[in-house]
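Pasted below: work.cif, mmCIF, C-alpha atoms.
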```cif
data_structure
#
loop_
_atom_site.group_PDB
_atom_site.id
_atom_site.type_symbol
_atom_site.label_atom_id
_atom_site.label_comp_id
_atom_site.auth_asym_id
_atom_site.auth_seq_id
_atom_site.Cartn_x
_atom_site.Cartn_y
_atom_site.Cartn_z
ATOM 1 C CA MET A 1 -45.488 62.680 -52.049
ATOM 2 C CA LYS A 2 -46.649 60.428 -49.254
ATOM 3 C CA CYS A 3 -44.081 60.016 -46.508
ATOM 4 C CA PRO A 4 -42.606 56.478 -46.843
ATOM 5 C CA VAL A 5 -41.911 56.279 -43.107
ATOM 6 C CA GLN A 6 -45.236 57.517 -41.833
ATOM 7 C CA SER A 7 -47.395 55.745 -44.419
ATOM 8 C CA GLY A 8 -45.615 52.453 -43.656
ATOM 9 C CA GLY A 9 -45.247 49.623 -46.166
ATOM 10 C CA ASN A 10 -43.380 51.904 -48.559
ATOM 11 C CA ALA A 11 -39.947 51.847 -46.967
ATOM 12 C CA GLU A 12 -38.404 50.086 -49.999
ATOM 13 C CA ILE A 13 -38.293 53.379 -51.824
ATOM 14 C CA LEU A 14 -36.020 54.732 -49.112
ATOM 15 C CA LEU A 15 -33.861 51.601 -49.143
ATOM 16 C CA ASP A 16 -33.581 51.754 -52.936
ATOM 17 C CA TYR A 17 -32.642 55.380 -52.708
ATOM 18 C CA CYS A 18 -29.897 54.678 -50.180
ATOM 19 C CA ALA A 19 -28.633 51.858 -52.384
ATOM 20 C CA HIS A 20 -28.632 54.222 -55.379
ATOM 21 C CA SER A 21 -30.964 51.987 -57.286
ATOM 22 C CA LEU A 22 -33.953 54.292 -57.471
ATOM 23 C CA ASP A 23 -34.782 55.917 -60.818
ATOM 24 C CA ALA A 24 -33.925 59.613 -61.211
ATOM 25 C CA GLN A 25 -37.469 60.905 -61.250
ATOM 26 C CA ARG A 26 -38.544 59.221 -58.020
ATOM 27 C CA ALA A 27 -35.154 60.031 -56.442
ATOM 28 C CA ALA A 28 -35.748 63.726 -57.128
ATOM 29 C CA LEU A 29 -39.200 63.550 -55.578
ATOM 30 C CA LEU A 30 -37.836 61.788 -52.494
ATOM 31 C CA GLU A 31 -34.994 64.292 -52.079
ATOM 32 C CA GLN A 32 -37.537 67.077 -52.232
ATOM 33 C CA HIS A 33 -39.638 65.320 -49.559
ATOM 34 C CA MET A 34 -36.666 64.670 -47.308
ATOM 35 C CA VAL A 35 -35.917 68.390 -47.124
ATOM 36 C CA GLU A 36 -39.161 68.815 -45.231
ATOM 37 C CA CYS A 37 -39.447 65.373 -43.484
ATOM 38 C CA ALA A 38 -37.246 64.829 -40.449
ATOM 39 C CA ASP A 39 -38.195 61.104 -40.171
ATOM 40 C CA CYS A 40 -37.137 60.274 -43.712
ATOM 41 C CA GLN A 41 -33.993 62.334 -43.312
ATOM 42 C CA ALA A 42 -33.110 60.431 -40.152
ATOM 43 C CA PHE A 43 -33.769 57.088 -41.875
ATOM 44 C CA HIS A 44 -31.581 58.180 -44.804
ATOM 45 C CA ASP A 45 -28.774 59.258 -42.472
ATOM 46 C CA ALA A 46 -28.843 55.951 -40.571
ATOM 47 C CA GLN A 47 -28.920 53.927 -43.762
ATOM 48 C CA SER A 48 -26.110 55.950 -45.289
ATOM 49 C CA ALA A 49 -24.008 55.419 -42.166
ATOM 50 C CA LEU A 50 -24.567 51.670 -42.489
ATOM 51 C CA TRP A 51 -23.526 51.661 -46.136
ATOM 52 C CA THR A 52 -20.451 53.774 -45.339
ATOM 53 C CA THR A 53 -19.449 51.324 -42.594
ATOM 54 C CA MET A 54 -19.968 48.335 -44.865
ATOM 55 C CA ASP A 55 -17.997 49.973 -47.650
ATOM 56 C CA ALA A 56 -15.161 50.551 -45.214
ATOM 57 C CA TRP A 57 -15.138 46.855 -44.203
ATOM 58 C CA PRO A 58 -12.010 45.229 -45.647
ATOM 59 C CA SER A 59 -12.742 42.329 -47.946
ATOM 60 C CA TYR A 60 -10.470 39.334 -48.186
ATOM 61 C CA PRO A 61 -10.037 37.337 -51.365
ATOM 62 C CA GLU A 62 -11.792 33.956 -51.149
ATOM 63 C CA PRO A 63 -9.685 30.831 -51.656
ATOM 64 C CA PRO A 64 -9.737 29.631 -55.270
ATOM 65 C CA ASP A 65 -11.543 26.308 -54.428
ATOM 66 C CA PHE A 66 -13.985 27.905 -51.999
ATOM 67 C CA ASP A 67 -17.100 27.258 -54.105
ATOM 68 C CA ARG A 68 -16.036 23.696 -54.957
ATOM 69 C CA LYS A 69 -15.488 22.875 -51.273
ATOM 70 C CA ILE A 70 -18.833 24.335 -50.275
ATOM 71 C CA PHE A 71 -20.745 22.376 -52.923
ATOM 72 C CA ALA A 72 -18.818 19.197 -52.103
ATOM 73 C CA GLN A 73 -19.770 19.575 -48.451
ATOM 74 C CA ILE A 74 -23.417 20.150 -49.330
ATOM 75 C CA ALA A 75 -23.393 17.041 -51.533
ATOM 76 C CA ALA A 76 -21.792 14.989 -48.769
ATOM 77 C CA GLU A 77 -24.399 16.167 -46.265
ATOM 78 C CA THR A 78 -27.171 15.288 -48.677
ATOM 79 C CA HIS A 79 -25.858 11.791 -49.330
ATOM 80 C CA GLN A 80 -24.814 10.942 -45.814
ATOM 81 C CA SER A 81 -25.720 7.468 -44.608
ATOM 82 C CA ARG A 82 -29.044 6.661 -43.026
ATOM 83 C CA TRP A 83 -27.196 5.644 -39.885
ATOM 84 C CA ARG A 84 -25.590 9.086 -39.717
ATOM 85 C CA GLN A 85 -28.955 10.729 -40.241
ATOM 86 C CA TRP A 86 -30.438 8.653 -37.435
ATOM 87 C CA ARG A 87 -27.459 9.454 -35.267
ATOM 88 C CA ASN A 88 -27.959 13.135 -35.916
ATOM 89 C CA VAL A 89 -31.614 12.843 -34.995
ATOM 90 C CA ILE A 90 -30.713 10.969 -31.806
ATOM 91 C CA GLU A 91 -28.041 13.470 -30.890
ATOM 92 C CA THR A 92 -30.170 16.517 -31.575
ATOM 93 C CA ALA A 93 -33.092 15.046 -29.651
ATOM 94 C CA HIS A 94 -30.816 14.168 -26.696
ATOM 95 C CA MET A 95 -31.889 10.532 -26.877
ATOM 96 C CA GLN A 96 -28.485 8.993 -26.192
ATOM 97 C CA PRO A 97 -29.256 7.925 -22.599
ATOM 98 C CA ALA A 98 -32.251 5.933 -23.846
ATOM 99 C CA MET A 99 -30.178 3.928 -26.330
ATOM 100 C CA PRO A 100 -29.212 1.060 -23.961
ATOM 101 C CA ILE A 101 -32.865 0.586 -23.034
ATOM 102 C CA VAL A 102 -33.859 0.654 -26.709
ATOM 103 C CA GLY A 103 -31.158 -1.940 -27.451
ATOM 104 C CA ALA A 104 -32.338 -4.168 -24.606
ATOM 105 C CA CYS A 105 -35.954 -3.867 -25.744
ATOM 106 C CA LEU A 106 -34.940 -4.865 -29.266
ATOM 107 C CA ALA A 107 -33.035 -7.886 -27.907
ATOM 108 C CA VAL A 108 -36.033 -8.968 -25.813
ATOM 109 C CA LEU A 109 -38.352 -8.448 -28.784
ATOM 110 C CA ALA A 110 -36.076 -10.578 -30.950
ATOM 111 C CA GLY A 111 -36.093 -13.243 -28.243
ATOM 112 C CA LEU A 112 -39.880 -13.172 -27.990
ATOM 113 C CA LEU A 113 -40.244 -13.463 -31.754
ATOM 114 C CA PHE A 114 -37.845 -16.384 -31.667
ATOM 115 C CA GLN A 115 -39.912 -17.983 -28.917
ATOM 116 C CA THR A 116 -43.256 -17.560 -30.668
ATOM 117 C CA THR A 117 -42.010 -19.250 -33.834
ATOM 118 C CA ARG A 118 -39.823 -21.884 -32.193
ATOM 119 C CA PRO A 119 -42.335 -24.060 -30.253
ATOM 120 C CA ALA A 120 -44.528 -24.689 -33.323
ATOM 121 C CA ALA A 121 -41.542 -25.847 -35.313
ATOM 122 C CA ALA A 122 -40.262 -27.833 -32.375
ATOM 123 C CA LEU A 123 -43.549 -29.670 -31.936
ATOM 124 C CA GLY A 124 -44.114 -30.135 -35.649
ATOM 125 C CA GLU A 125 -40.975 -32.074 -36.443
ATOM 126 C CA PRO A 126 -38.775 -32.124 -33.366
ATOM 127 C CA PRO A 127 -35.196 -33.347 -33.264
ATOM 128 C CA MET A 128 -34.976 -37.079 -32.993
ATOM 129 C CA HIS A 129 -33.040 -38.836 -30.271
ATOM 130 C CA ALA A 130 -33.190 -35.955 -27.854
ATOM 131 C CA GLU A 131 -32.590 -36.644 -24.172
ATOM 132 C CA PHE A 132 -36.023 -37.180 -22.607
ATOM 133 C CA ARG A 133 -36.898 -38.070 -19.082
ATOM 134 C CA VAL A 134 -39.768 -40.541 -19.056
ATOM 135 C CA GLU A 135 -41.541 -41.421 -15.852
ATOM 136 C CA PRO A 136 -43.150 -44.872 -15.380
ATOM 137 C CA SER A 137 -46.586 -43.216 -15.574
ATOM 138 C CA ASP A 138 -45.556 -41.734 -18.912
ATOM 139 C CA VAL A 139 -44.729 -45.206 -20.218
ATOM 140 C CA GLU A 140 -48.131 -46.481 -19.169
ATOM 141 C CA GLN A 141 -49.789 -43.484 -20.758
ATOM 142 C CA ALA A 142 -47.821 -44.054 -23.958
ATOM 143 C CA GLU A 143 -48.742 -47.723 -23.893
ATOM 144 C CA SER A 144 -52.437 -46.941 -23.526
ATOM 145 C CA THR A 145 -52.320 -44.257 -26.245
ATOM 146 C CA LEU A 146 -50.469 -46.569 -28.623
ATOM 147 C CA GLU A 147 -52.994 -49.315 -27.966
ATOM 148 C CA ASP A 148 -55.854 -46.942 -28.789
ATOM 149 C CA LEU A 149 -54.031 -45.757 -31.892
ATOM 150 C CA GLU A 150 -53.538 -49.336 -32.977
ATOM 151 C CA MET A 151 -57.258 -50.008 -32.470
ATOM 152 C CA LEU A 152 -58.149 -46.949 -34.544
ATOM 153 C CA ARG A 153 -55.683 -47.993 -37.240
ATOM 154 C CA ARG A 154 -57.174 -51.456 -37.502
ATOM 155 C CA LEU A 155 -60.797 -50.356 -37.223
ATOM 156 C CA PRO A 156 -61.090 -47.425 -39.631
ATOM 157 C CA SER A 157 -64.759 -46.950 -38.819
ATOM 158 C CA VAL A 158 -64.098 -45.977 -35.192
ATOM 159 C CA ALA A 159 -64.031 -42.265 -34.361
ATOM 160 C CA ALA A 160 -63.914 -41.302 -38.010
ATOM 161 C CA SER A 161 -64.974 -37.685 -38.408
ATOM 162 C CA ARG A 162 -67.864 -38.512 -40.768
ATOM 163 C CA ASN A 163 -69.916 -39.589 -37.791
ATOM 164 C CA THR A 164 -72.611 -37.205 -36.753
ATOM 165 C CA PRO A 165 -74.870 -37.460 -33.716
ATOM 166 C CA GLU A 166 -77.966 -37.300 -35.983
ATOM 167 C CA ASN A 167 -76.713 -40.416 -37.678
ATOM 168 C CA SER A 168 -76.460 -42.418 -34.518
ATOM 169 C CA LEU A 169 -78.560 -45.450 -33.840
ATOM 170 C CA MET B 1 -21.313 7.205 -27.937
ATOM 171 C CA SER B 2 -18.980 7.624 -25.021
ATOM 172 C CA PRO B 3 -17.054 4.585 -23.660
ATOM 173 C CA ARG B 4 -19.165 4.719 -20.517
ATOM 174 C CA SER B 5 -22.362 4.677 -22.503
ATOM 175 C CA LEU B 6 -21.019 1.781 -24.594
ATOM 176 C CA ARG B 7 -20.173 -0.170 -21.447
ATOM 177 C CA ARG B 8 -23.642 0.433 -20.058
ATOM 178 C CA THR B 9 -25.216 -0.663 -23.342
ATOM 179 C CA ALA B 10 -23.115 -3.837 -23.344
ATOM 180 C CA VAL B 11 -24.149 -4.693 -19.779
ATOM 181 C CA VAL B 12 -27.846 -4.129 -20.465
ATOM 182 C CA LEU B 13 -27.663 -6.110 -23.725
ATOM 183 C CA ALA B 14 -25.848 -8.978 -22.017
ATOM 184 C CA ALA B 15 -28.503 -9.073 -19.294
ATOM 185 C CA ALA B 16 -31.302 -9.019 -21.872
ATOM 186 C CA LEU B 17 -29.620 -11.742 -23.911
ATOM 187 C CA GLY B 18 -29.199 -13.851 -20.777
ATOM 188 C CA GLY B 19 -32.894 -13.419 -20.038
ATOM 189 C CA VAL B 20 -33.874 -14.374 -23.561
ATOM 190 C CA LEU B 21 -31.657 -17.462 -23.555
ATOM 191 C CA GLY B 22 -32.978 -18.487 -20.146
ATOM 192 C CA THR B 23 -36.537 -18.113 -21.384
ATOM 193 C CA ALA B 24 -35.695 -20.155 -24.478
ATOM 194 C CA VAL B 25 -34.272 -23.031 -22.439
ATOM 195 C CA TYR B 26 -37.248 -22.931 -20.064
ATOM 196 C CA ALA B 27 -39.713 -22.900 -22.980
ATOM 197 C CA GLN B 28 -37.933 -25.843 -24.595
ATOM 198 C CA ARG B 29 -38.128 -27.875 -21.382
ATOM 199 C CA ARG B 30 -41.778 -26.960 -20.916
ATOM 200 C CA ALA B 31 -42.544 -27.947 -24.535
ATOM 201 C CA VAL B 32 -40.877 -31.331 -24.029
ATOM 202 C CA LYS B 33 -42.763 -31.868 -20.773
ATOM 203 C CA SER B 34 -46.127 -31.043 -22.334
ATOM 204 C CA MET B 35 -45.402 -33.305 -25.311
ATOM 205 C CA PRO B 36 -47.535 -36.466 -25.540
ATOM 206 C CA ALA B 37 -45.790 -39.457 -24.022
ATOM 207 C CA VAL B 38 -45.924 -41.293 -27.364
ATOM 208 C CA GLU B 39 -44.114 -38.438 -29.030
ATOM 209 C CA ARG B 40 -41.459 -38.478 -26.331
ATOM 210 C CA LEU B 41 -41.019 -42.206 -26.742
ATOM 211 C CA ARG B 42 -40.812 -41.807 -30.489
ATOM 212 C CA ARG B 43 -37.998 -39.317 -30.254
ATOM 213 C CA MET B 44 -35.782 -41.390 -27.997
ATOM 214 C CA THR B 45 -32.752 -43.314 -29.085
ATOM 215 C CA PRO B 46 -33.392 -47.094 -29.183
ATOM 216 C CA ASP B 47 -31.348 -47.415 -25.999
ATOM 217 C CA GLN B 48 -33.308 -44.723 -24.153
ATOM 218 C CA ARG B 49 -36.551 -46.313 -25.321
ATOM 219 C CA ARG B 50 -35.476 -49.750 -24.172
ATOM 220 C CA ARG B 51 -34.649 -48.392 -20.736
ATOM 221 C CA ALA B 52 -37.984 -46.541 -20.543
ATOM 222 C CA LEU B 53 -40.017 -49.602 -21.594
ATOM 223 C CA ALA B 54 -38.072 -51.914 -19.284
ATOM 224 C CA GLU B 55 -40.622 -51.034 -16.600
ATOM 225 C CA LEU B 56 -43.335 -52.948 -18.456
ATOM 226 C CA PRO B 57 -43.882 -56.716 -18.297
ATOM 227 C CA PRO B 58 -42.325 -58.460 -21.357
ATOM 228 C CA ALA B 59 -45.586 -59.102 -23.237
ATOM 229 C CA ARG B 60 -46.770 -55.513 -22.843
ATOM 230 C CA ARG B 61 -43.324 -54.210 -23.697
ATOM 231 C CA GLN B 62 -43.267 -56.255 -26.874
ATOM 232 C CA ALA B 63 -46.755 -55.109 -27.837
ATOM 233 C CA THR B 64 -45.874 -51.472 -27.155
ATOM 234 C CA GLU B 65 -42.732 -51.763 -29.252
ATOM 235 C CA GLN B 66 -44.791 -53.262 -32.076
ATOM 236 C CA TRP B 67 -47.405 -50.459 -31.876
ATOM 237 C CA LEU B 68 -44.644 -47.891 -31.866
ATOM 238 C CA ALA B 69 -43.075 -49.552 -34.900
ATOM 239 C CA ASN B 70 -46.458 -49.473 -36.677
ATOM 240 C CA TRP B 71 -46.787 -45.802 -35.836
ATOM 241 C CA GLU B 72 -43.294 -45.154 -37.181
ATOM 242 C CA LYS B 73 -44.097 -46.926 -40.440
ATOM 243 C CA MET B 74 -46.977 -44.580 -41.219
ATOM 244 C CA THR B 75 -46.603 -41.624 -43.526
ATOM 245 C CA PRO B 76 -46.898 -38.174 -41.912
ATOM 246 C CA ASP B 77 -50.322 -37.811 -43.533
ATOM 247 C CA GLU B 78 -51.541 -41.123 -42.124
ATOM 248 C CA ARG B 79 -50.233 -40.128 -38.719
ATOM 249 C CA ARG B 80 -52.045 -36.811 -38.937
ATOM 250 C CA GLN B 81 -55.323 -38.497 -39.861
ATOM 251 C CA LEU B 82 -54.977 -41.049 -37.098
ATOM 252 C CA THR B 83 -54.119 -38.326 -34.604
ATOM 253 C CA ARG B 84 -57.294 -36.498 -35.630
ATOM 254 C CA ARG B 85 -59.338 -39.661 -35.083
ATOM 255 C CA TYR B 86 -57.621 -40.203 -31.754
ATOM 256 C CA GLU B 87 -58.716 -36.711 -30.750
ATOM 257 C CA ASN B 88 -62.286 -37.604 -31.798
ATOM 258 C CA PHE B 89 -61.986 -40.788 -29.778
ATOM 259 C CA GLN B 90 -60.944 -38.840 -26.710
ATOM 260 C CA GLN B 91 -64.066 -36.709 -27.039
ATOM 261 C CA LEU B 92 -66.232 -39.796 -26.469
ATOM 262 C CA THR B 93 -67.541 -40.610 -23.032
ATOM 263 C CA PRO B 94 -65.256 -42.884 -20.990
ATOM 264 C CA GLU B 95 -67.975 -45.568 -21.147
ATOM 265 C CA ARG B 96 -68.112 -45.475 -24.931
ATOM 266 C CA GLN B 97 -64.310 -45.525 -25.128
ATOM 267 C CA GLN B 98 -64.275 -48.565 -22.900
ATOM 268 C CA GLU B 99 -66.986 -50.248 -24.965
ATOM 269 C CA LEU B 100 -64.971 -49.703 -28.153
ATOM 270 C CA ARG B 101 -61.860 -51.125 -26.512
ATOM 271 C CA GLY B 102 -63.912 -54.184 -25.587
ATOM 272 C CA VAL B 103 -65.142 -54.436 -29.178
ATOM 273 C CA TYR B 104 -61.576 -54.282 -30.402
ATOM 274 C CA HIS B 105 -60.638 -57.033 -27.956
ATOM 275 C CA ASP B 106 -63.394 -59.258 -29.356
ATOM 276 C CA TYR B 107 -62.412 -58.300 -32.883
ATOM 277 C CA GLN B 108 -58.868 -59.490 -32.271
ATOM 278 C CA LEU B 109 -60.218 -62.923 -31.323
ATOM 279 C CA LEU B 110 -61.662 -63.371 -34.822
ATOM 280 C CA ALA B 111 -59.749 -65.146 -37.558
ATOM 281 C CA PRO B 112 -57.835 -62.753 -39.837
ATOM 282 C CA ALA B 113 -60.202 -63.346 -42.763
ATOM 283 C CA ARG B 114 -63.218 -62.631 -40.569
ATOM 284 C CA GLN B 115 -61.518 -59.515 -39.187
ATOM 285 C CA THR B 116 -61.187 -58.201 -42.743
ATOM 286 C CA ALA B 117 -64.831 -59.004 -43.501
ATOM 287 C CA VAL B 118 -66.082 -57.390 -40.283
ATOM 288 C CA SER B 119 -63.949 -54.297 -40.757
ATOM 289 C CA ALA B 120 -65.214 -53.865 -44.337
ATOM 290 C CA GLU B 121 -68.823 -54.385 -43.200
ATOM 291 C CA ALA B 122 -68.407 -51.818 -40.437
ATOM 292 C CA ALA B 123 -67.097 -49.293 -42.974
ATOM 293 C CA ARG B 124 -70.038 -50.057 -45.294
ATOM 294 C CA LEU B 125 -72.585 -49.694 -42.491
ATOM 295 C CA ARG B 126 -71.149 -46.336 -41.539
ATOM 296 C CA LYS B 127 -72.022 -44.956 -44.949
ATOM 297 C CA LEU B 128 -75.693 -45.813 -44.533
ATOM 298 C CA SER B 129 -78.292 -43.601 -42.951
ATOM 299 C CA LYS B 130 -79.587 -44.521 -39.512
ATOM 300 C CA SER B 131 -82.767 -46.167 -40.812
ATOM 301 C CA GLU B 132 -80.912 -48.044 -43.575
ATOM 302 C CA ARG B 133 -78.399 -49.282 -41.062
ATOM 303 C CA LEU B 134 -81.074 -50.530 -38.669
ATOM 304 C CA LYS B 135 -82.824 -52.310 -41.510
ATOM 305 C CA GLU B 136 -79.552 -53.889 -42.635
ATOM 306 C CA LEU B 137 -78.586 -55.019 -39.139
ATOM 307 C CA HIS B 138 -81.930 -56.754 -38.693
ATOM 308 C CA SER B 139 -82.097 -58.269 -42.144
ATOM 309 C CA ASP B 140 -81.998 -62.048 -42.599
ATOM 310 C CA ALA B 141 -79.093 -61.729 -45.032
ATOM 311 C CA PHE B 142 -77.040 -59.930 -42.432
ATOM 312 C CA GLN B 143 -77.947 -62.443 -39.730
ATOM 313 C CA GLY B 144 -76.911 -65.242 -42.032
ATOM 314 C CA ARG B 145 -73.614 -63.699 -43.092
ATOM 315 C CA TYR B 146 -72.192 -63.099 -39.628
ATOM 316 C CA SER B 147 -71.832 -65.114 -36.463
ATOM 317 C CA THR B 148 -73.282 -63.867 -33.161
ATOM 318 C CA PRO B 149 -69.958 -62.401 -31.888
ATOM 319 C CA GLU B 150 -69.379 -60.744 -35.265
ATOM 320 C CA ARG B 151 -72.883 -59.253 -35.272
ATOM 321 C CA ASP B 152 -72.320 -58.018 -31.754
ATOM 322 C CA ILE B 153 -69.094 -56.309 -32.841
ATOM 323 C CA LEU B 154 -70.760 -54.770 -35.870
ATOM 324 C CA GLU B 155 -73.747 -53.538 -33.916
ATOM 325 C CA LYS B 156 -71.510 -51.880 -31.362
ATOM 326 C CA LEU B 157 -69.294 -50.374 -34.025
ATOM 327 C CA ALA B 158 -72.294 -49.175 -36.010
ATOM 328 C CA ARG B 159 -73.463 -47.197 -33.013
ATOM 329 C CA THR B 160 -71.948 -43.973 -34.195
ATOM 330 C CA ASP B 161 -69.968 -41.877 -31.783
#
```
Do you think you could lay out the structure here as structure tokens?
Amino acid sequence: MKCPVQSGGNAEILLDYCAHSLDAQRAALLEQHMVECADCQAFHDAQSALWTTMDAWPSYPEPPDFDRKIFAQIAAETHQSRWRQWRNVIETAHMQPAMPIVGACLAVLAGLLFQTTRPAAALGEPPMHAEFRVEPSDVEQAESTLEDLEMLRRLPSVAASRNTPENSL
Amino acid sequence: MSPRSLRRTAVVLAAALGGVLGTAVYAQRRAVKSMPAVERLRRMTPDQRRRALAELPPARRQATEQWLANWEKMTPDERRQLTRRYENFQQLTPERQQELRGVYHDYQLLAPARQTAVSAEAARLRKLSKSERLKELHSDAFQGRYSTPERDILEKLARTD
């Protein structure tokens, strides 16, 4: 028989033997080998000592709802909220100190988004009767613009977009 | 989160919020300032508008109020179209703009019925090609249909921009 210890990769046979799960024929062969092999004998002795110690370990009866509690806890962990999962990630990654900065960045981002959408809406159809400061030059500018607009309204052929330079006289 | 961390978060968030609100107010003011003067006038209360226009001499004030009222009466689509034409108008050279204003001045001196005829003729001429338009402007029929000031207006209007 090949030595299970020296050949390597065949140590299960020794473990099975120590656990009394090896068939009788192979057990007899191994016992015969161990008489001559000090390594296998030493392995057997160590393994037997471990089993003896474990057998001597006092066992306590488990509580009657032990399994139920364990499975309930597993289920709760599986279905925990996304927030909790994120919190766990943050806690395990030691990201807590960065949270105020992240919050501030989100607030600024929200503000910027608000700003980028707001002016277009404001200029499209702004609130009427808002408080505006109008300088005298503004009034003159408005007067001149309104006069031009009136001219364009009454002369539809002026500055109409169908004009092309090639068409000019 | 610990109470200290919460406090720190609250302070940072409050500062960020203050910054955002400040930016919003500033942007609003800037938007109002960059708004065309007509638009600002349009959005005033009648009282604010009266006070703003009080700077103008009565005749000009009355005319401006009338133009503003005409502008108000338009549908949003009409306003959009007119705004687009106004933008085209602004692309013209200052000389051409001034010439067109002069044409409009002369046009206003015509009788209402003649104004309608001239305006319709100008629109018709615009649809013609350059050579057709030249031919039309120099035709005897055209010369006979319109007076010298009317022909002058039409020739200037027909000069496409």
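Applied to the file shown here, the PyMOL selection byres ((chain B) within 6 of (chain A)) selects Thr9, Leu13, Ala16, Val20, Ala37, Val38, Arg43, Met44, Thr45, Thr64, Trp67, Arg85, Asn88, Phe89, Ala123, Lys130, Arg159 and Thr160 of chain B.
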Exercise for the section: Write out as a ChimeraX atom specification which residues come within 9 Å of Ile153 of chain B when counting only C-alpha atoms, dropping same-chain ones fewer than 2 positions away. Expected result: /B:103-104,106-107,118,122,148-151,155-158
Handout entry: Who sits within 9 Å of segment 28-37 of chain A, all atoms listed in the file, same chain under 4 positions skipped, as a VMD selection string
Key = chain A and resid 1 to 3 13 to 14 17 23 to 24 41 to 42 44
Completion exercise
Here atom CA of Tyr60 of chain A and atom CA of Ala76 of chain A stand apart by 26.9 Å
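Shortest separation to Glu99 of chain B among B:Leu128, B:Pro46, B:Arg61, B:Asp152 occurs at residue B:Asp152, atoms counted being all atoms listed in the file.
Atom CA of Trp71 of chain B lies 21.8 Å from atom CA of Ala120 of chain B.
Atom CA of Arg101 of chain B sits 23.7 Å away from atom CA of Gln143 of chain B.
Counting only C-alpha atoms, Trp51 of chain A has the following residues at most 9 Å away, ignoring those fewer than 4 positions along the same chain: Cys18, Ala19, Ala46, Gln47, Asp55 and Ala56 of chain A.
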Got a minute to add N, CA and C atoms to segment 64-76 of chain B and dump it as a short mmCIF file (atom, residue, chain, number, x, y, z; two decimals), in the coordinates of the input?
```cif
data_model
loop_
_atom_site.label_atom_id
_atom_site.label_comp_id
_atom_site.auth_asym_id
_atom_site.auth_seq_id
_atom_site.Cartn_x
_atom_site.Cartn_y
_atom_site.Cartn_z
N THR B 64 -46.08 -52.92 -27.03
CA THR B 64 -45.87 -51.47 -27.16
C THR B 64 -44.83 -51.17 -28.22
N GLU B 65 -43.79 -51.97 -28.24
CA GLU B 65 -42.73 -51.76 -29.25
C GLU B 65 -43.30 -51.99 -30.66
N GLN B 66 -44.18 -52.98 -30.77
CA GLN B 66 -44.79 -53.26 -32.08
C GLN B 66 -45.70 -52.10 -32.51
N TRP B 67 -46.50 -51.57 -31.55
CA TRP B 67 -47.40 -50.46 -31.88
C TRP B 67 -46.59 -49.23 -32.29
N LEU B 68 -45.50 -49.04 -31.56
CA LEU B 68 -44.64 -47.89 -31.87
C LEU B 68 -44.03 -48.05 -33.26
N ALA B 69 -43.65 -49.29 -33.58
CA ALA B 69 -43.08 -49.55 -34.90
C ALA B 69 -44.12 -49.31 -35.99
N ASN B 70 -45.38 -49.72 -35.70
CA ASN B 70 -46.46 -49.47 -36.68
C ASN B 70 -46.66 -47.98 -36.89
N TRP B 71 -46.62 -47.27 -35.80
CA TRP B 71 -46.79 -45.80 -35.84
C TRP B 71 -45.67 -45.17 -36.67
N GLU B 72 -44.46 -45.67 -36.46
CA GLU B 72 -43.29 -45.15 -37.18
C GLU B 72 -43.41 -45.40 -38.68
N LYS B 73 -44.03 -46.54 -39.03
CA LYS B 73 -44.10 -46.93 -40.44
C LYS B 73 -45.08 -46.05 -41.23
N MET B 74 -45.96 -45.38 -40.52
CA MET B 74 -46.98 -44.58 -41.22
C MET B 74 -46.36 -43.36 -41.87
N THR B 75 -47.04 -42.88 -42.90
CA THR B 75 -46.60 -41.62 -43.53
C THR B 75 -47.07 -40.48 -42.62
N PRO B 76 -46.46 -39.30 -42.75
CA PRO B 76 -46.90 -38.17 -41.91
C PRO B 76 -48.39 -37.90 -42.08
#
```
